[in-house]
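Structure file target-v5.txt; described as compact mmCIF, C-alpha atoms.
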# COMPACT_ATOMS: atom_id res chain seq x y z
CA MET A 47 27.15 -11.75 -18.76
CA ALA A 48 26.59 -11.47 -22.53
CA GLU A 49 25.95 -8.04 -24.06
CA ASN A 50 22.50 -9.21 -25.10
CA THR A 51 21.53 -10.11 -21.58
CA ARG A 52 22.86 -6.82 -20.29
CA LEU A 53 20.60 -5.04 -22.82
CA THR A 54 17.61 -7.08 -21.63
CA LEU A 55 18.29 -6.02 -18.08
CA THR A 56 18.25 -2.34 -19.02
CA LYS A 57 15.46 -2.10 -21.58
CA ALA A 58 12.36 -4.24 -22.11
CA SER A 59 12.54 -3.39 -25.82
CA GLU A 60 14.83 -1.35 -28.08
CA HIS A 61 12.20 1.34 -28.60
CA ILE A 62 9.54 2.02 -25.97
CA HIS A 63 7.04 4.65 -27.05
CA GLY A 64 6.57 7.35 -24.41
CA TYR A 65 9.31 6.04 -22.14
CA THR A 66 11.11 9.24 -21.14
CA TYR A 67 13.05 8.12 -18.05
CA GLY A 68 15.96 10.43 -17.27
CA THR A 69 15.22 12.84 -20.14
CA ALA A 70 14.54 16.58 -20.05
CA GLU A 71 10.90 15.83 -20.88
CA VAL A 72 10.35 14.63 -17.32
CA THR A 73 9.40 17.41 -14.91
CA LYS A 74 11.35 17.64 -11.66
CA SER A 75 9.38 16.30 -8.71
CA PRO A 76 8.93 18.49 -5.62
CA VAL A 77 10.00 15.43 -3.60
CA SER A 78 13.65 15.65 -2.55
CA ILE A 79 16.26 12.94 -2.11
CA GLN A 80 16.14 13.67 1.63
CA GLU A 81 12.40 12.99 1.70
CA LEU A 82 12.96 9.77 -0.23
CA GLU A 83 15.67 8.69 2.21
CA SER A 84 13.35 9.40 5.13
CA LEU A 85 10.60 7.42 3.42
CA LYS A 86 12.97 4.48 2.88
CA VAL A 87 13.67 4.47 6.61
CA SER A 88 9.92 4.49 7.38
CA VAL A 89 9.29 1.61 4.96
CA GLY A 90 12.28 -0.32 6.32
CA PHE A 91 13.83 -0.43 2.84
CA THR A 92 17.51 -1.29 3.28
CA GLU A 93 20.58 -1.91 1.12
CA GLU A 94 19.87 -5.60 1.48
CA ASP A 95 16.47 -4.99 -0.12
CA GLN A 96 18.16 -3.15 -2.97
CA ARG A 97 20.43 -6.18 -3.48
CA TYR A 98 17.52 -8.61 -3.43
CA LEU A 99 15.67 -6.44 -5.94
CA ARG A 100 18.62 -6.94 -8.30
CA VAL A 101 18.29 -10.71 -7.85
CA ALA A 102 14.53 -10.37 -8.44
CA GLY A 103 15.26 -8.39 -11.60
CA GLU A 104 17.51 -11.14 -12.92
CA VAL A 105 14.79 -13.68 -12.16
CA LEU A 106 12.05 -11.61 -13.82
CA ALA A 107 14.03 -10.30 -16.82
CA ASP A 108 12.98 -13.09 -19.20
CA GLN A 109 9.44 -13.29 -17.77
CA LEU A 110 8.46 -9.64 -18.27
CA LYS A 111 5.92 -10.19 -21.03
CA GLU A 112 4.46 -13.25 -19.28
CA LEU A 113 4.08 -11.32 -16.01
CA VAL A 114 2.49 -8.23 -17.56
CA ASP A 115 0.21 -10.45 -19.69
CA HIS A 116 -0.82 -12.28 -16.51
CA TRP A 117 -1.69 -9.03 -14.73
CA ARG A 118 -3.51 -7.58 -17.71
CA GLY A 119 -5.02 -10.65 -19.39
CA ASP A 120 -5.83 -12.86 -16.41
CA ILE A 121 -6.66 -10.23 -13.80
CA ILE A 122 -7.39 -6.69 -15.06
CA ALA A 123 -9.33 -7.91 -18.13
CA LYS A 124 -11.72 -9.79 -15.83
CA ILE A 125 -12.45 -6.77 -13.61
CA PRO A 126 -14.58 -4.35 -15.68
CA ASN A 127 -13.86 -1.46 -13.30
CA LEU A 128 -10.13 -1.82 -14.06
CA ALA A 129 -10.30 -3.05 -17.67
CA ARG A 130 -12.04 0.13 -18.86
CA HIS A 131 -8.90 2.19 -18.26
CA SER A 132 -7.16 0.66 -21.26
CA ARG A 133 -10.24 0.73 -23.51
CA SER A 134 -12.14 3.39 -25.42
CA LEU A 135 -14.97 5.19 -23.67
CA GLU A 136 -17.32 2.85 -25.54
CA GLY A 137 -15.46 -0.15 -24.08
CA GLU A 138 -13.69 -1.17 -27.30
CA PRO A 139 -10.13 -2.53 -27.11
CA LEU A 140 -7.34 -0.11 -28.03
CA PRO A 141 -4.63 -2.56 -29.16
CA ASP A 142 -2.01 0.08 -29.99
CA TYR A 143 -2.50 1.77 -26.58
CA SER A 144 -2.33 -1.60 -24.82
CA ALA A 145 0.82 -2.62 -26.68
CA LYS A 146 2.63 0.64 -25.94
CA SER A 147 1.60 0.92 -22.30
CA GLY A 148 2.30 -2.80 -21.89
CA LEU A 149 5.93 -2.30 -22.92
CA ARG A 150 6.23 0.58 -20.46
CA PHE A 151 4.72 -1.66 -17.80
CA GLN A 152 7.43 -4.27 -18.55
CA GLN A 153 10.10 -1.61 -18.37
CA TRP A 154 8.74 -0.41 -15.03
CA ILE A 155 9.48 -3.88 -13.60
CA LEU A 156 13.10 -3.56 -14.70
CA ASP A 157 13.34 -0.01 -13.37
CA THR A 158 11.92 -1.17 -10.03
CA CYS A 159 14.64 -3.80 -9.77
CA PHE A 160 17.69 -2.17 -11.36
CA ARG A 161 17.48 1.64 -11.31
CA PRO A 162 19.23 3.57 -8.56
CA TYR A 163 16.58 5.32 -6.48
CA ASP A 164 17.86 8.84 -7.17
CA GLN A 165 16.33 12.14 -8.30
CA ASP A 166 15.71 10.80 -11.83
CA TRP A 167 13.83 7.88 -10.30
CA ILE A 168 11.79 10.21 -8.05
CA ASN A 169 10.99 12.41 -11.05
CA TYR A 170 9.84 9.42 -13.07
CA GLN A 171 7.60 8.21 -10.24
CA GLN A 172 5.85 11.57 -10.53
CA GLU A 173 5.58 11.11 -14.32
CA ILE A 174 4.08 7.62 -13.84
CA ALA A 175 1.57 8.94 -11.31
CA LEU A 176 0.56 11.92 -13.43
CA ARG A 177 -0.04 9.60 -16.39
CA HIS A 178 -2.72 7.93 -14.26
CA THR A 179 -4.40 11.22 -13.24
CA SER A 180 -6.51 13.45 -15.50
CA LEU A 181 -3.52 15.78 -15.84
CA LYS A 182 -1.70 13.38 -18.19
CA LYS A 183 -3.60 10.11 -18.77
CA ASN A 184 -3.96 9.15 -22.47
CA GLN A 185 -1.76 12.02 -23.65
CA VAL A 186 1.50 10.24 -24.44
CA ASP A 187 -0.36 7.72 -26.63
CA GLY A 188 -2.91 10.20 -28.02
CA VAL A 189 -5.92 8.02 -27.14
CA THR A 190 -9.40 8.61 -25.80
CA SER A 191 -9.94 6.38 -22.78
CA THR A 192 -11.09 6.97 -19.19
CA PRO A 193 -9.84 10.37 -18.00
CA TYR A 194 -8.03 8.93 -14.96
CA VAL A 195 -7.43 5.82 -12.85
CA SER A 196 -8.80 6.25 -9.32
CA LEU A 197 -6.14 6.36 -6.65
CA ARG A 198 -7.93 3.60 -4.75
CA ASP A 199 -7.58 1.26 -7.73
CA ILE A 200 -3.85 1.98 -7.91
CA ILE A 201 -3.54 1.14 -4.21
CA ALA A 202 -5.62 -2.01 -4.69
CA PHE A 203 -3.60 -3.17 -7.67
CA VAL A 204 -0.34 -2.85 -5.75
CA ALA A 205 -1.72 -5.57 -3.45
CA VAL A 206 -2.51 -7.70 -6.51
CA MET A 207 0.98 -7.27 -7.97
CA ASP A 208 2.51 -8.08 -4.58
CA GLU A 209 0.54 -11.32 -4.26
CA THR A 210 0.85 -12.52 -7.85
CA VAL A 211 4.53 -11.79 -8.49
CA LYS A 212 5.58 -14.47 -6.01
CA PRO A 213 5.41 -17.56 -8.28
CA PHE A 214 7.38 -15.62 -10.91
CA LEU A 215 10.05 -14.85 -8.31
CA ALA A 216 10.16 -18.56 -7.43
CA ALA A 217 10.30 -19.70 -11.07
CA LYS A 218 14.09 -20.07 -11.24
CA GLY A 219 14.34 -22.48 -8.33
CA HIS A 220 15.81 -20.20 -5.65
CA PRO A 221 15.44 -21.51 -2.07
CA GLY A 222 12.24 -20.40 -0.31
CA ALA A 223 14.08 -18.04 2.04
CA GLU A 224 15.68 -16.23 -0.92
CA VAL A 225 12.33 -15.93 -2.68
CA ASP A 226 10.88 -14.47 0.53
CA ARG A 227 13.65 -11.88 0.65
CA MET A 228 13.13 -10.93 -3.00
CA HIS A 229 9.42 -10.70 -2.30
CA ASN A 230 9.84 -8.55 0.81
CA ALA A 231 12.09 -6.20 -1.15
CA TRP A 232 9.59 -6.05 -4.01
CA CYS A 233 6.65 -5.28 -1.68
CA LYS A 234 8.57 -2.56 0.12
CA SER A 235 9.67 -0.96 -3.16
CA LEU A 236 6.10 -0.92 -4.47
CA GLN A 237 4.81 0.63 -1.27
CA LEU A 238 7.58 3.24 -1.48
CA GLN A 239 6.57 4.01 -5.05
CA LEU A 240 2.91 4.13 -4.03
CA ALA A 241 3.77 6.69 -1.36
CA LEU A 242 5.44 8.81 -4.05
CA TRP A 243 2.53 8.38 -6.47
CA THR A 244 0.03 9.61 -3.86
CA ARG A 245 1.93 12.90 -3.75
CA SER A 246 0.78 13.62 -7.31
CA TYR A 247 -2.78 12.55 -6.51
CA MET A 248 -2.82 14.72 -3.38
CA ASP A 249 -1.54 17.72 -5.34
CA ALA A 250 -4.14 17.05 -8.05
CA ALA A 251 -6.83 16.65 -5.37
CA GLN A 252 -6.54 20.33 -4.60
CA LEU A 253 -8.07 20.85 -8.07
CA LYS A 254 -10.21 17.70 -8.34
CA ASN A 255 -10.54 14.70 -6.02
CA GLU A 256 -9.64 11.59 -8.01
CA TRP A 257 -9.85 9.11 -5.15
CA MET B 186 -14.53 -21.76 23.26
CA ALA B 187 -14.66 -20.34 26.81
CA GLU B 188 -16.53 -17.07 27.40
CA ASN B 189 -13.27 -15.45 28.42
CA THR B 190 -11.62 -16.28 25.13
CA ARG B 191 -14.63 -15.05 23.21
CA LEU B 192 -14.29 -11.71 25.05
CA THR B 193 -10.61 -11.54 24.14
CA LEU B 194 -11.48 -12.02 20.50
CA THR B 195 -13.93 -9.11 20.57
CA LYS B 196 -12.19 -6.57 22.77
CA ALA B 197 -8.51 -6.02 23.50
CA SER B 198 -9.49 -4.65 26.92
CA GLU B 199 -12.73 -4.13 28.84
CA HIS B 200 -12.55 -0.35 28.49
CA ILE B 201 -10.77 1.27 25.54
CA HIS B 202 -10.67 5.05 25.75
CA GLY B 203 -11.84 6.69 22.54
CA TYR B 204 -12.87 3.45 20.88
CA THR B 205 -16.22 4.38 19.35
CA TYR B 206 -16.70 1.59 16.78
CA GLY B 207 -20.32 1.19 15.73
CA THR B 208 -21.57 4.08 17.89
CA ALA B 209 -23.49 7.20 16.90
CA GLU B 210 -20.31 9.23 17.55
CA VAL B 211 -18.81 7.90 14.32
CA THR B 212 -19.69 9.97 11.27
CA LYS B 213 -21.02 8.13 8.24
CA SER B 214 -18.42 7.74 5.51
CA PRO B 215 -19.24 8.92 1.98
CA VAL B 216 -17.87 5.54 0.81
CA SER B 217 -20.68 3.10 0.05
CA ILE B 218 -20.87 -0.67 0.49
CA GLN B 219 -20.93 -0.93 -3.33
CA GLU B 220 -17.65 1.00 -3.56
CA LEU B 221 -16.15 -1.26 -0.90
CA GLU B 222 -17.29 -4.37 -2.79
CA SER B 223 -15.75 -3.02 -5.98
CA LEU B 224 -12.53 -2.28 -4.11
CA LYS B 225 -12.45 -5.83 -2.69
CA VAL B 226 -12.66 -7.14 -6.25
CA SER B 227 -9.78 -4.88 -7.34
CA VAL B 228 -7.65 -6.00 -4.38
CA GLY B 229 -8.54 -9.65 -4.99
CA PHE B 230 -9.94 -9.95 -1.47
CA THR B 231 -12.13 -13.06 -1.36
CA GLU B 232 -14.24 -14.99 1.15
CA GLU B 233 -11.27 -17.30 1.59
CA ASP B 234 -9.23 -14.28 2.69
CA GLN B 235 -11.95 -13.37 5.17
CA ARG B 236 -11.75 -16.94 6.56
CA TYR B 237 -7.96 -16.82 6.83
CA LEU B 238 -8.18 -13.47 8.60
CA ARG B 239 -10.30 -15.19 11.26
CA VAL B 240 -7.56 -17.83 11.65
CA ALA B 241 -4.99 -15.01 11.83
CA GLY B 242 -7.11 -13.32 14.50
CA GLU B 243 -7.13 -16.46 16.60
CA VAL B 244 -3.37 -16.72 16.22
CA LEU B 245 -2.78 -13.06 17.11
CA ALA B 246 -5.39 -12.70 19.89
CA ASP B 247 -2.99 -13.48 22.75
CA GLN B 248 -0.06 -11.67 21.09
CA LEU B 249 -1.71 -8.26 20.66
CA LYS B 250 0.34 -6.38 23.22
CA GLU B 251 3.55 -8.07 22.11
CA LEU B 252 2.88 -7.16 18.46
CA VAL B 253 1.96 -3.53 19.12
CA ASP B 254 4.93 -3.17 21.50
CA HIS B 255 7.16 -4.57 18.75
CA TRP B 256 5.87 -2.06 16.20
CA ARG B 257 6.06 0.86 18.60
CA GLY B 258 9.02 0.00 20.80
CA ASP B 259 11.32 -1.76 18.35
CA ILE B 260 10.47 0.08 15.13
CA ILE B 261 8.62 3.41 15.48
CA ALA B 262 10.60 4.49 18.57
CA LYS B 263 13.84 4.16 16.57
CA ILE B 264 12.62 6.30 13.64
CA PRO B 265 12.49 9.91 14.92
CA ASN B 266 10.27 10.99 12.01
CA LEU B 267 7.62 8.50 13.15
CA ALA B 268 8.24 8.55 16.91
CA ARG B 269 7.41 12.25 17.18
CA HIS B 270 3.73 11.58 16.41
CA SER B 271 3.14 10.03 19.84
CA ARG B 272 5.25 12.58 21.72
CA SER B 273 4.80 16.18 22.81
CA LEU B 274 5.92 18.94 20.46
CA GLU B 275 9.07 19.18 22.61
CA GLY B 276 9.73 15.48 22.03
CA GLU B 277 8.77 14.33 25.53
CA PRO B 278 6.97 10.98 25.98
CA LEU B 279 3.21 11.15 26.58
CA PRO B 280 2.65 7.88 28.47
CA ASP B 281 -1.11 8.27 28.88
CA TYR B 282 -1.55 9.02 25.15
CA SER B 283 0.67 6.08 24.24
CA ALA B 284 -1.22 3.71 26.54
CA LYS B 285 -4.64 4.74 25.23
CA SER B 286 -3.74 4.77 21.55
CA GLY B 287 -1.81 1.52 22.06
CA LEU B 288 -4.97 -0.23 23.26
CA ARG B 289 -6.86 1.11 20.25
CA PHE B 290 -4.03 -0.16 18.04
CA GLN B 291 -4.44 -3.63 19.60
CA GLN B 292 -8.17 -3.48 19.07
CA TRP B 293 -7.64 -2.51 15.42
CA ILE B 294 -5.82 -5.83 14.89
CA LEU B 295 -8.87 -7.70 16.22
CA ASP B 296 -11.24 -5.58 14.13
CA THR B 297 -9.14 -6.28 11.03
CA CYS B 298 -9.47 -10.01 11.61
CA PHE B 299 -12.95 -10.43 13.06
CA ARG B 300 -15.26 -7.56 12.11
CA PRO B 301 -17.60 -7.93 9.15
CA TYR B 302 -16.57 -5.42 6.50
CA ASP B 303 -19.88 -3.52 6.48
CA GLN B 304 -20.94 0.13 6.67
CA ASP B 305 -19.90 0.37 10.35
CA TRP B 306 -16.47 -0.88 9.37
CA ILE B 307 -16.25 1.62 6.49
CA ASN B 308 -17.31 4.42 8.82
CA TYR B 309 -14.67 3.46 11.37
CA GLN B 310 -11.96 3.39 8.70
CA GLN B 311 -12.83 7.03 8.07
CA GLU B 312 -12.66 7.75 11.81
CA ILE B 313 -9.23 6.08 12.02
CA ALA B 314 -7.95 8.08 9.03
CA LEU B 315 -9.32 11.39 10.32
CA ARG B 316 -7.61 10.77 13.67
CA HIS B 317 -4.32 10.81 11.75
CA THR B 318 -5.10 14.06 9.87
CA SER B 319 -5.15 17.56 11.35
CA LEU B 320 -8.94 17.39 11.41
CA LYS B 321 -8.95 15.01 14.41
CA LYS B 322 -5.46 14.00 15.56
CA ASN B 323 -4.89 14.39 19.33
CA GLN B 324 -8.52 15.33 20.02
CA VAL B 325 -9.89 12.11 21.48
CA ASP B 326 -7.03 11.98 24.00
CA GLY B 327 -6.82 15.74 24.58
CA VAL B 328 -3.07 15.91 23.95
CA THR B 329 -0.71 18.29 22.21
CA SER B 330 1.41 16.33 19.75
CA THR B 331 2.21 16.69 16.03
CA PRO B 332 -0.85 18.06 14.20
CA TYR B 333 -1.02 15.14 11.74
CA VAL B 334 0.73 11.99 10.46
CA SER B 335 1.80 12.39 6.82
CA LEU B 336 -0.07 10.13 4.44
CA ARG B 337 3.24 8.84 3.09
CA ASP B 338 4.24 7.62 6.53
CA ILE B 339 0.94 5.77 6.87
CA ILE B 340 1.58 4.09 3.51
CA ALA B 341 5.14 3.27 4.51
CA PHE B 342 4.12 1.80 7.84
CA VAL B 343 1.61 -0.52 6.18
CA ALA B 344 4.62 -2.13 4.47
CA VAL B 345 6.34 -2.45 7.85
CA MET B 346 3.29 -4.07 9.48
CA ASP B 347 2.95 -6.45 6.52
CA GLU B 348 6.56 -7.57 6.78
CA THR B 349 6.79 -7.82 10.55
CA VAL B 350 3.49 -9.54 11.34
CA LYS B 351 4.65 -12.73 9.64
CA PRO B 352 6.57 -14.35 12.53
CA PHE B 353 3.60 -13.59 14.80
CA LEU B 354 1.31 -15.38 12.34
CA ALA B 355 3.70 -18.34 12.36
CA ALA B 356 4.03 -18.44 16.16
CA LYS B 357 1.38 -21.13 16.74
CA GLY B 358 3.00 -23.71 14.50
CA HIS B 359 0.67 -23.60 11.49
CA PRO B 360 2.10 -25.13 8.30
CA GLY B 361 3.94 -22.67 6.06
CA ALA B 362 1.22 -22.70 3.40
CA GLU B 363 -1.42 -21.73 5.98
CA VAL B 364 0.76 -18.94 7.33
CA ASP B 365 1.19 -17.68 3.76
CA ARG B 366 -2.57 -17.61 3.28
CA MET B 367 -3.10 -15.75 6.55
CA HIS B 368 -0.38 -13.34 5.50
CA ASN B 369 -1.83 -12.76 2.02
CA ALA B 370 -5.23 -12.07 3.57
CA TRP B 371 -3.67 -9.68 6.09
CA CYS B 372 -1.75 -7.75 3.41
CA LYS B 373 -4.83 -7.44 1.21
CA SER B 374 -6.96 -6.24 4.12
CA LEU B 375 -4.41 -3.61 5.07
CA GLN B 376 -4.16 -2.37 1.49
CA LEU B 377 -7.97 -2.22 1.34
CA GLN B 378 -8.00 -0.19 4.54
CA LEU B 379 -5.23 2.03 3.20
CA ALA B 380 -7.31 2.72 0.10
CA LEU B 381 -10.18 3.81 2.36
CA TRP B 382 -7.91 5.94 4.55
CA THR B 383 -6.59 7.84 1.52
CA ARG B 384 -10.15 8.96 0.82
CA SER B 385 -10.07 11.05 4.00
CA TYR B 386 -6.61 12.40 3.16
CA MET B 387 -7.73 13.28 -0.38
CA ASP B 388 -10.80 15.09 0.95
CA ALA B 389 -8.65 16.89 3.51
CA ALA B 390 -6.12 17.75 0.77
CA GLN B 391 -8.66 20.04 -0.77
CA LEU B 392 -8.14 22.22 2.31
CA LYS B 393 -4.51 21.39 3.12
CA ASN B 394 -2.12 18.88 1.53
CA GLU B 395 -0.92 16.50 4.26
CA TRP B 396 1.10 14.20 2.05

Output the file's structure in the form of structure tokens.
Amino acid sequence: MAENTRLTLTKASEHIHGYTYGTAEVTKSPVSIQELESLKVSVGFTEEDQRYLRVAGEVLADQLKELVDHWRGDIIAKIPNLARHSRSLEGEPLPDYSAKSGLRFQQWILDTCFRPYDQDWINYQQEIALRHTSLKKNQVDGVTSTPYVSLRDIIAFVAVMDETVKPFLAAKGHPGAEVDRMHNAWCKSLQLQLALWTRSYMDAAQLKNEW
Amino acid sequence: MAENTRLTLTKASEHIHGYTYGTAEVTKSPVSIQELESLKVSVGFTEEDQRYLRVAGEVLADQLKELVDHWRGDIIAKIPNLARHSRSLEGEPLPDYSAKSGLRFQQWILDTCFRPYDQDWINYQQEIALRHTSLKKNQVDGVTSTPYVSLRDIIAFVAVMDETVKPFLAAKGHPGAEVDRMHNAWCKSLQLQLALWTRSYMDAAQLKNEW
């Protein structure tokens, strides 16, 4: 594998504004490795899934922008209730915000496929979730947009990503059974992440219910 | 369609203990039809999905017990963290509780496939969720078991049901593309229901965080 490809697999871009994975800026999550392991058992997420996520990552690595553009341009942009979260309160586009969060969105795909699911990963799931609640949304990019994304819309959009990633997973000509395995692994990982994200929403709900 | 079959499609059994769908015993949910419609748009749940859920329901109708037994006997029973929720606090089986909640579980499959998603359906999603929180778990069957099922385990088990329902959907020999459509519709419906269930957990979290 060429050095260039290896770089692609690790980072969606050389500099990603606000991407703080594994740094001291990321607060430690109250969720432990033991709780994550238990959650993996409940989801049925196995080492085989982890392997198939790596294959999925190799398949998606040169389609990151296309995939995120599909989610944002073809789906979110057409659903006003979702589109507003990346716009100003007056509904104007915020191109700089969209560009920066779009790169982080691309990187999240790579992290889903390639990162070890360890304490750094757990901590960053919390960071991702908080950046969708009123505790941290808009802050890293210094914008004025909706104060938070409702938990229910996060849950809903996981279903959308699960359904719409499939043709991208099939785009490199893998046999149907392999694509199914990549897809199963992807869906289970997203549900695992969703379970972690709800922890932050549940904690925040004790102050303010952002369902 | 014979009258008998029609009955099967509506009810998993003539009498289902604690099944109060559509009755005055079910509290009205604070979630409105408009919020549900908006959520369907976010999930990408269309009329075609509703049609394919009906097909799925016809496929699953004579496999209800087999499917629920598979989830409970082959999966939940082997995961102590999940199995404890249908046992006594000492870990003993509670056969009467399991039988009654098992029938309701079967009926939930039929309701997922055949019920119109209206205010009664919204209200019953709240009832289902509350029966997994400490506000209502164990009450309808008068048992002493774990006080609640963690939200994260509900989220995790949705992924399990999504993955494991597929061979049951394929069991009647439908072409692969049809099975995929049934499966997509199923996954979207479950995620929609999950979004509704989290509302009850978020409300309850203001008293006590049951993540």

For Lys218 in chain A, which residue among A:Leu99, A:Ala107, A:Val204, A:Ala145 is the nearest when counting all atoms listed in the file? A:Ala107

Pull the neighbourhood of (-8.4, 18.7, -5.5) for me: all residues within 9 Å in file coordinates, counting only C-alpha atoms, as an NGL selection string. (:A and (247-256)) or (:B and (387-388 or 390-392))

For the selection just defined, write its residues with C-alpha atoms to a file, as a PDB file, in the frame of the given file.
ATOM      1  CA  TYR A 247      -2.780  12.550  -6.510  1.00  0.00           C
ATOM      2  CA  MET A 248      -2.820  14.720  -3.380  1.00  0.00           C
ATOM      3  CA  ASP A 249      -1.540  17.720  -5.340  1.00  0.00           C
ATOM      4  CA  ALA A 250      -4.140  17.050  -8.050  1.00  0.00           C
ATOM      5  CA  ALA A 251      -6.830  16.650  -5.370  1.00  0.00           C
ATOM      6  CA  GLN A 252      -6.540  20.330  -4.600  1.00  0.00           C
ATOM      7  CA  LEU A 253      -8.070  20.850  -8.070  1.00  0.00           C
ATOM      8  CA  LYS A 254     -10.210  17.700  -8.340  1.00  0.00           C
ATOM      9  CA  ASN A 255     -10.540  14.700  -6.020  1.00  0.00           C
ATOM     10  CA  GLU A 256      -9.640  11.590  -8.010  1.00  0.00           C
TER      11      GLU A 256
ATOM     12  CA  MET B 387      -7.730  13.280  -0.380  1.00  0.00           C
ATOM     13  CA  ASP B 388     -10.800  15.090   0.950  1.00  0.00           C
ATOM     14  CA  ALA B 390      -6.120  17.750   0.770  1.00  0.00           C
ATOM     15  CA  GLN B 391      -8.660  20.040  -0.770  1.00  0.00           C
ATOM     16  CA  LEU B 392      -8.140  22.220   2.310  1.00  0.00           C
TER      17      LEU B 392
END

Tell me which of A:Val72, A:Val89, A:Leu215, A:Ile79 sits closest to Ile174 in chain A, counting only C-alpha atoms.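 Using only C-alpha atoms, Ile174 in chain A sits closest to A:Val72.
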
Could you work out an axis-aligned box for range 172-191 of chain A, taking every atom the file lists and adding 4 Å on each side, and report centre and edge lengths in Å to one decimal, as lines of an AutoDock Vina configuration file?
center_x = -2.0
center_y = 11.1
center_z = -19.3
size_x = 23.8
size_y = 17.4
size_z = 25.5

For Gly68 in chain A: contacts at 12 Å, all atoms listed in the file, fewer than 5 positions along chain excluded, given as a PyMOL selection string: chain A and resi 73-74+157+161-171+173

Please produce a file of the residues just selected, as a PDB file, in the frame of the given file, where the atoms kept are C-alpha atoms.
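Below you can see again.pdb, which holds the result:
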ATOM      1  CA  THR A  73       9.400  17.410 -14.910  1.00  0.00           C
ATOM      2  CA  LYS A  74      11.350  17.640 -11.660  1.00  0.00           C
ATOM      3  CA  ASP A 157      13.340  -0.010 -13.370  1.00  0.00           C
ATOM      4  CA  ARG A 161      17.480   1.640 -11.310  1.00  0.00           C
ATOM      5  CA  PRO A 162      19.230   3.570  -8.560  1.00  0.00           C
ATOM      6  CA  TYR A 163      16.580   5.320  -6.480  1.00  0.00           C
ATOM      7  CA  ASP A 164      17.860   8.840  -7.170  1.00  0.00           C
ATOM      8  CA  GLN A 165      16.330  12.140  -8.300  1.00  0.00           C
ATOM      9  CA  ASP A 166      15.710  10.800 -11.830  1.00  0.00           C
ATOM     10  CA  TRP A 167      13.830   7.880 -10.300  1.00  0.00           C
ATOM     11  CA  ILE A 168      11.790  10.210  -8.050  1.00  0.00           C
ATOM     12  CA  ASN A 169      10.990  12.410 -11.050  1.00  0.00           C
ATOM     13  CA  TYR A 170       9.840   9.420 -13.070  1.00  0.00           C
ATOM     14  CA  GLN A 171       7.600   8.210 -10.240  1.00  0.00           C
ATOM     15  CA  GLU A 173       5.580  11.110 -14.320  1.00  0.00           C
TER      16      GLU A 173
END

Near chain B, which residues of chain A fall within 9 Å when you count only C-alpha atoms, and what do they look like as a PyMOL selection string? chain A and resi 84-90+121-122+125+127-128+197-206+209+230+233-234+237-238+240-242+244-245+247-249+251-257

Selection as an NGL selection string: residues within 10 Å of (9.3, -7.1, 14.5), counting only C-alpha atoms: :B and (251-260 or 345-346 or 348-353)

So that I can see what lies close to range 175-192 of chain A, please list as a PyMOL selection string the residues with an atom at most 6 Å from it, counting only C-alpha atoms and leaving out residues fewer than 3 positions away in the same chain. chain A and resi 64+131+133-135+172+195+243

Report the distance between CA of Gln109 in chain A and CA of Gly222 in chain A in Å, rounded to one decimal place. 19.1 Å

Just to confirm, what's the straight-line distance from CA of Thr195 in chain B to CA of Val240 in chain B in Å (one decimal)? 14.0 Å

I'd like the interatomic distance between CA of Glu60 in chain A and CA of Tyr98 in chain A, to a tenth of an Å.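 For CA of Glu60 in chain A relative to CA of Tyr98 in chain A, the distance reads 25.8 Å.
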